[in-house]
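S.K.: Okay, so here is structure.cif, and as you'll see once you scroll down, it has mmCIF, C-alpha atoms and all ligand atoms.
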data_run
loop_
_atom_site.label_atom_id
_atom_site.label_comp_id
_atom_site.auth_asym_id
_atom_site.auth_seq_id
_atom_site.Cartn_x
_atom_site.Cartn_y
_atom_site.Cartn_z
CA MET A 1 19.79 5.28 -35.41
CA GLU A 2 20.03 2.59 -38.07
CA ILE A 3 17.48 -0.21 -38.08
CA GLU A 4 18.36 -3.50 -39.74
CA ASN A 5 16.28 -6.50 -40.72
CA ILE A 6 17.81 -9.36 -38.74
CA ASP A 7 17.84 -13.12 -39.10
CA LEU A 8 14.68 -14.80 -37.70
CA PHE A 9 16.41 -16.75 -34.96
CA LYS A 10 19.29 -14.37 -34.20
CA GLY A 11 17.53 -12.63 -31.32
CA ILE A 12 15.50 -15.66 -30.25
CA THR A 13 17.16 -16.27 -26.86
CA GLU A 14 16.76 -12.63 -25.88
CA THR A 15 13.15 -12.66 -27.12
CA LEU A 16 12.11 -15.79 -25.20
CA THR A 17 13.97 -14.68 -22.08
CA ARG A 18 12.29 -11.26 -22.06
CA LEU A 19 8.87 -12.76 -22.79
CA ASN A 20 9.23 -14.66 -19.56
CA ASP A 21 10.60 -11.69 -17.62
CA PRO A 22 9.48 -8.91 -17.65
CA GLY A 23 7.20 -9.60 -20.66
CA ALA A 24 7.04 -8.30 -24.23
CA LEU A 25 4.99 -5.45 -25.67
CA LEU A 26 2.28 -6.19 -28.23
CA VAL A 27 1.22 -3.27 -30.42
CA ALA A 28 -2.02 -3.45 -32.43
CA GLY A 29 -4.37 -1.00 -34.13
CA VAL A 30 -3.85 1.53 -36.88
CA GLN A 31 -6.23 4.50 -36.38
CA ARG A 32 -6.10 4.04 -32.61
CA PRO A 33 -2.93 2.10 -31.74
CA ASN A 34 -2.47 0.49 -28.33
CA VAL A 35 0.21 -1.43 -26.46
CA MET A 36 -0.26 -4.28 -23.98
CA THR A 37 2.11 -6.64 -22.22
CA ILE A 38 2.22 -10.30 -23.25
CA GLY A 39 3.99 -13.22 -21.63
CA TRP A 40 2.39 -16.04 -23.56
CA ALA A 41 3.87 -16.16 -27.05
CA THR A 42 6.27 -18.25 -29.05
CA ILE A 43 8.12 -18.26 -32.35
CA GLY A 44 8.79 -21.01 -34.88
CA ILE A 45 8.16 -22.34 -38.37
CA ILE A 46 4.55 -23.37 -39.09
CA TRP A 47 3.06 -24.05 -42.54
CA GLY A 48 6.52 -23.34 -43.94
CA MET A 49 6.35 -19.76 -42.61
CA PRO A 50 8.11 -18.01 -39.74
CA ILE A 51 5.28 -17.52 -37.25
CA CYS A 52 4.79 -15.68 -33.97
CA VAL A 53 1.94 -17.12 -31.90
CA ILE A 54 0.29 -14.86 -29.30
CA TYR A 55 -2.42 -15.55 -26.70
CA VAL A 56 -4.84 -12.67 -26.08
CA ARG A 57 -7.96 -12.79 -23.89
CA PRO A 58 -11.16 -11.37 -25.45
CA SER A 59 -11.52 -8.93 -22.53
CA ARG A 60 -8.40 -7.00 -23.59
CA PHE A 61 -8.87 -3.75 -25.53
CA THR A 62 -6.04 -5.02 -27.75
CA HIS A 63 -8.20 -8.00 -28.73
CA SER A 64 -10.73 -5.67 -30.40
CA LEU A 65 -7.88 -4.03 -32.33
CA LEU A 66 -6.51 -7.40 -33.51
CA GLU A 67 -10.01 -8.22 -34.75
CA LYS A 68 -10.23 -4.95 -36.69
CA HIS A 69 -6.83 -5.09 -38.33
CA ALA A 70 -4.90 -8.32 -38.95
CA GLU A 71 -1.39 -7.08 -38.19
CA PHE A 72 0.64 -6.58 -35.01
CA THR A 73 4.14 -6.01 -33.73
CA VAL A 74 5.86 -7.73 -30.82
CA ASN A 75 8.41 -5.45 -29.19
CA ILE A 76 11.12 -6.84 -26.93
CA PRO A 77 12.03 -4.49 -24.06
CA THR A 78 15.13 -4.43 -21.91
CA VAL A 79 15.06 -5.46 -18.23
CA GLU A 80 15.40 -1.76 -17.39
CA GLN A 81 11.97 -1.19 -18.98
CA ALA A 82 10.22 -3.48 -16.46
CA ALA A 83 8.24 -0.59 -14.93
CA GLU A 84 6.80 0.40 -18.34
CA VAL A 85 6.01 -3.28 -19.08
CA MET A 86 4.08 -3.42 -15.80
CA VAL A 87 2.06 -0.30 -16.73
CA CYS A 88 1.18 -1.81 -20.13
CA GLY A 89 0.20 -5.06 -18.40
CA THR A 90 -2.02 -3.55 -15.71
CA LYS A 91 -3.71 -0.54 -17.38
CA SER A 92 -6.09 -0.62 -20.30
CA GLY A 93 -5.81 1.45 -23.45
CA ARG A 94 -9.57 1.98 -23.17
CA GLU A 95 -8.83 4.52 -20.42
CA MET A 96 -5.45 5.94 -21.32
CA ASP A 97 -2.72 6.45 -23.90
CA LYS A 98 -0.04 4.00 -22.68
CA PHE A 99 2.52 5.20 -25.24
CA ALA A 100 2.40 8.69 -23.71
CA GLU A 101 2.31 7.34 -20.15
CA CYS A 102 5.44 5.20 -20.76
CA LYS A 103 7.16 7.82 -22.96
CA PHE A 104 7.26 5.31 -25.82
CA THR A 105 7.73 6.56 -29.38
CA LEU A 106 5.45 4.79 -31.86
CA GLU A 107 7.27 4.59 -35.19
CA PRO A 108 5.59 3.71 -38.51
CA GLY A 109 5.86 0.09 -39.68
CA LYS A 110 8.33 -0.89 -42.38
CA LYS A 111 6.29 -3.69 -43.98
CA ILE A 112 2.93 -3.32 -42.20
CA ASP A 113 0.55 -0.54 -41.17
CA VAL A 114 0.95 -1.16 -37.42
CA GLY A 115 3.76 0.71 -35.72
CA HIS A 116 6.48 -0.37 -33.30
CA ILE A 117 8.19 1.05 -30.22
CA LYS A 118 11.42 2.86 -30.95
CA GLU A 119 12.75 2.35 -27.41
CA CYS A 120 12.65 -1.49 -27.63
CA PRO A 121 15.82 -3.11 -28.98
CA ILE A 122 14.12 -5.83 -31.08
CA TYR A 123 10.73 -5.92 -32.77
CA TYR A 124 8.79 -8.33 -34.99
CA GLU A 125 6.35 -7.23 -37.71
CA CYS A 126 3.56 -9.80 -38.14
CA ARG A 127 0.46 -10.36 -40.27
CA THR A 128 -2.26 -12.61 -38.83
CA VAL A 129 -2.76 -15.68 -41.02
CA HIS A 130 -4.84 -17.78 -38.63
CA LYS A 131 -6.74 -17.59 -35.34
CA ASN A 132 -8.31 -20.15 -33.05
CA ALA A 133 -9.58 -20.29 -29.49
CA VAL A 134 -8.40 -22.23 -26.47
CA VAL A 135 -10.79 -25.18 -26.14
CA PRO A 136 -11.81 -25.57 -22.47
CA ASP A 137 -12.50 -29.32 -22.76
CA GLY A 138 -8.98 -29.97 -23.99
CA LEU A 139 -7.30 -28.45 -20.93
CA PRO A 140 -6.13 -30.20 -17.75
CA HIS A 141 -8.46 -29.42 -14.85
CA ASN A 142 -5.78 -27.61 -12.83
CA VAL A 143 -4.96 -25.33 -15.79
CA ARG A 144 -8.61 -24.39 -16.15
CA GLN A 145 -8.88 -23.68 -12.43
CA THR A 146 -5.68 -21.65 -12.32
CA TYR A 147 -6.00 -19.61 -15.51
CA TYR A 148 -9.69 -19.63 -16.47
CA ALA A 149 -11.69 -19.44 -13.23
CA SER A 150 -13.69 -16.58 -14.77
CA GLY A 151 -13.69 -17.89 -18.36
CA ASP A 152 -12.20 -15.35 -20.78
CA TYR A 153 -10.39 -18.11 -22.68
CA HIS A 154 -7.55 -16.80 -24.83
CA ASP A 155 -7.78 -16.43 -28.56
CA ILE A 156 -4.61 -17.59 -30.27
CA TYR A 157 -3.33 -15.48 -33.17
CA TYR A 158 -0.73 -16.81 -35.61
CA GLY A 159 1.20 -13.97 -37.21
CA GLU A 160 3.47 -14.53 -40.18
CA ILE A 161 6.72 -12.76 -39.29
CA LEU A 162 7.45 -10.35 -42.14
CA GLY A 163 10.49 -8.80 -40.54
CA VAL A 164 12.64 -8.89 -37.42
CA PHE A 165 14.37 -5.62 -36.71
CA ARG A 166 16.87 -4.29 -34.23
CA ASN A 167 16.77 -0.68 -33.05
CA GLU A 168 20.41 0.23 -32.44
C1 LIG A 201 3.84 -9.88 -17.26
C2 LIG A 201 2.47 -9.84 -17.89
C3 LIG A 201 2.17 -10.71 -18.94
C4 LIG A 201 0.89 -10.70 -19.53
N1 LIG A 201 0.63 -11.56 -20.57
C5 LIG A 201 -0.59 -11.55 -21.16
C6 LIG A 201 -0.86 -12.41 -22.28
O1 LIG A 201 0.00 -13.14 -22.79
N2 LIG A 201 -2.12 -12.39 -22.80
C7 LIG A 201 -3.12 -11.58 -22.30
O2 LIG A 201 -4.26 -11.62 -22.80
N3 LIG A 201 -2.86 -10.74 -21.25
C8 LIG A 201 -1.62 -10.68 -20.69
N4 LIG A 201 -1.35 -9.82 -19.66
C9 LIG A 201 -2.41 -8.87 -19.21
C10 LIG A 201 -2.59 -7.64 -20.12
O3 LIG A 201 -1.34 -7.10 -20.49
C11 LIG A 201 -3.41 -6.58 -19.38
O4 LIG A 201 -4.69 -7.08 -19.09
C12 LIG A 201 -3.50 -5.24 -20.10
O5 LIG A 201 -3.91 -4.27 -19.18
C13 LIG A 201 -4.44 -5.26 -21.29
O6 LIG A 201 -4.38 -4.00 -21.91
P1 LIG A 201 -5.44 -3.46 -22.95
O7 LIG A 201 -6.82 -3.51 -22.30
O8 LIG A 201 -4.98 -2.05 -23.22
O9 LIG A 201 -5.38 -4.34 -24.17
C14 LIG A 201 -0.10 -9.80 -19.06
C15 LIG A 201 0.21 -8.91 -18.01
C16 LIG A 201 1.47 -8.94 -17.43
C17 LIG A 201 1.79 -7.96 -16.32
#
What is this structure when it is put down as structure tokens?

M.R.:
Amino acid sequence: MEIENIDLFKGITETLTRLNDPGALLVAGVQRPNVMTIGWATIGIIWGMPICVIYVRPSRFTHSLLEKHAEFTVNIPTVEQAAEVMVCGTKSGREMDKFAECKFTLEPGKKIDVGHIKECPIYYECRTVHKNAVVPDGLPHNVRQTYYASGDYHDIYYGEILGVFRNE
């Protein structure tokens, strides 16, 4: 079906709602693409650019792919895709092909080399323009205890949004 480039903030409520529940699907990697679930992400204007900010722990297979190739897509599922989101958030691409497992179709990017998931109604194509790490000393004690008991502090990737598309 037709895919159209949509206004940056048109799907924002749906995007932020789905990020919270059940999660969104981050695709990274070109030669060996992978998909993982993310809940921690946001969208806004930074440095005069539309930016999607994602938080990815170094232990994730996806992290190694983001380090190899500075592009990614964020795919917004429907609530009916919660089971697939759970698979992508509990299994690692190191051991399996999650696209095949979830019956997701990886389609080629329009403006970037990383693909997107045909079955998700909205997706964002992003190019990483900056990265930094969560600084342990700057965090409230309870946040460190709750989220970083075993270390593995997130890296934060800032992706310039090159396109927002809707799969009809
Ligand atoms: C609802 C949900 C949200 C998640 N959000 C994040 C996140 O924002 N950042 C992160 O590093 N891991 C997050 N995870 C965990 C990863 O998705 C999970 O570890 C995944 O198996 C990593 O896959 P990979 O090894 O193929 O990259 C989340 C998991 C779930 C179920």

S.K.: Please identify all polymer residues within 12 Å of range 108-116 of chain A, counting only C-alpha atoms, omitting same-chain residues fewer than 5 positions from it, and present them as a PyMOL selection string.

M.R.: chain A and resi 3-5+25-35+65-66+68-77+99+121-128+159-167

S.K.: Kindly work out which residues sit at most 10 Å from ligand LIG 201 (chain A), using all atoms listed in the file, and give the list as a VMD selection string.

M.R.: chain A and resid 18 to 28 33 to 41 54 to 66 82 to 98 152 to 156

S.K.: Which is closer to Ile51 in chain A than all the others in A:Glu80, A:Gln145, A:Phe9, A:Lys118, using only C-alpha atoms?

M.R.: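 With only C-alpha atoms as the atom set, the closest residue is A:Phe9.
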
S.K.: With all atoms of range 80-99 of chain A from the file as input, state the centre and edge lengths in Å to one decimal of the axis-aligned box that has 8 Å extra on each side, as lines of an AutoDock Vina configuration file.

M.R.:
center_x = 2.9
center_y = 0.7
center_z = -20.1
size_x = 41.0
size_y = 27.5
size_z = 26.3

S.K.: Suppose you want the space between CA of Tyr157 in chain A and CA of Asn132 in chain A; what is it in Å?

M.R.: 6.8 Å

S.K.: Using all atoms listed in the file, pick whichever of A:Ala100, A:Leu139, A:Val134, A:Val79 has the shortest atom-to-atom distance to Thr17 in chain A.

M.R.: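 Closest to Thr17 in chain A, using all atoms listed in the file: A:Val79.
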
S.K.: If you measure from CA of His130 in chain A to CA of Thr13 in chain A, what distance in Å do you get, rounded to one decimal?

M.R.: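 CA of Thr13 in chain A lies at a distance of 25.0 Å from CA of His130 in chain A.
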
S.K.: Give me range 39-50 of chain A from this structure - N, CA and C atoms, as a PDB file, in the first residue's frame.

M.R.:
ATOM      1  N   GLY A  39      11.547   1.256  25.146  1.00  0.00           N
ATOM      2  CA  GLY A  39      10.497   2.006  25.834  1.00  0.00           C
ATOM      3  C   GLY A  39      10.989   3.415  26.142  1.00  0.00           C
ATOM      4  N   TRP A  40      12.310   3.524  26.246  1.00  0.00           N
ATOM      5  CA  TRP A  40      12.895   4.810  26.609  1.00  0.00           C
ATOM      6  C   TRP A  40      13.347   5.535  25.350  1.00  0.00           C
ATOM      7  N   ALA A  41      12.569   6.498  24.937  1.00  0.00           N
ATOM      8  CA  ALA A  41      12.874   7.300  23.750  1.00  0.00           C
ATOM      9  C   ALA A  41      11.996   8.535  23.790  1.00  0.00           C
ATOM     10  N   THR A  42      12.424   9.566  23.099  1.00  0.00           N
ATOM     11  CA  THR A  42      11.563  10.737  22.978  1.00  0.00           C
ATOM     12  C   THR A  42      11.887  11.481  21.690  1.00  0.00           C
ATOM     13  N   ILE A  43      11.020  12.411  21.349  1.00  0.00           N
ATOM     14  CA  ILE A  43      11.125  13.132  20.080  1.00  0.00           C
ATOM     15  C   ILE A  43      10.974  14.627  20.331  1.00  0.00           C
ATOM     16  N   GLY A  44      11.786  15.431  19.657  1.00  0.00           N
ATOM     17  CA  GLY A  44      11.660  16.887  19.784  1.00  0.00           C
ATOM     18  C   GLY A  44      12.638  17.583  18.871  1.00  0.00           C
ATOM     19  N   ILE A  45      12.728  18.906  19.033  1.00  0.00           N
ATOM     20  CA  ILE A  45      13.662  19.690  18.230  1.00  0.00           C
ATOM     21  C   ILE A  45      14.891  19.991  19.089  1.00  0.00           C
ATOM     22  N   ILE A  46      16.072  19.571  18.610  1.00  0.00           N
ATOM     23  CA  ILE A  46      17.339  19.852  19.285  1.00  0.00           C
ATOM     24  C   ILE A  46      18.315  20.333  18.211  1.00  0.00           C
ATOM     25  N   TRP A  47      19.120  21.329  18.540  1.00  0.00           N
ATOM     26  CA  TRP A  47      20.073  21.895  17.576  1.00  0.00           C
ATOM     27  C   TRP A  47      19.373  22.293  16.264  1.00  0.00           C
ATOM     28  N   GLY A  48      18.122  22.709  16.387  1.00  0.00           N
ATOM     29  CA  GLY A  48      17.373  23.126  15.200  1.00  0.00           C
ATOM     30  C   GLY A  48      16.974  21.968  14.287  1.00  0.00           C
ATOM     31  N   MET A  49      17.130  20.738  14.787  1.00  0.00           N
ATOM     32  CA  MET A  49      16.788  19.561  13.965  1.00  0.00           C
ATOM     33  C   MET A  49      15.712  18.734  14.663  1.00  0.00           C
ATOM     34  N   PRO A  50      14.848  18.066  13.892  1.00  0.00           N
ATOM     35  CA  PRO A  50      13.951  17.095  14.509  1.00  0.00           C
ATOM     36  C   PRO A  50      14.779  15.890  14.941  1.00  0.00           C
TER      37      PRO A  50
END
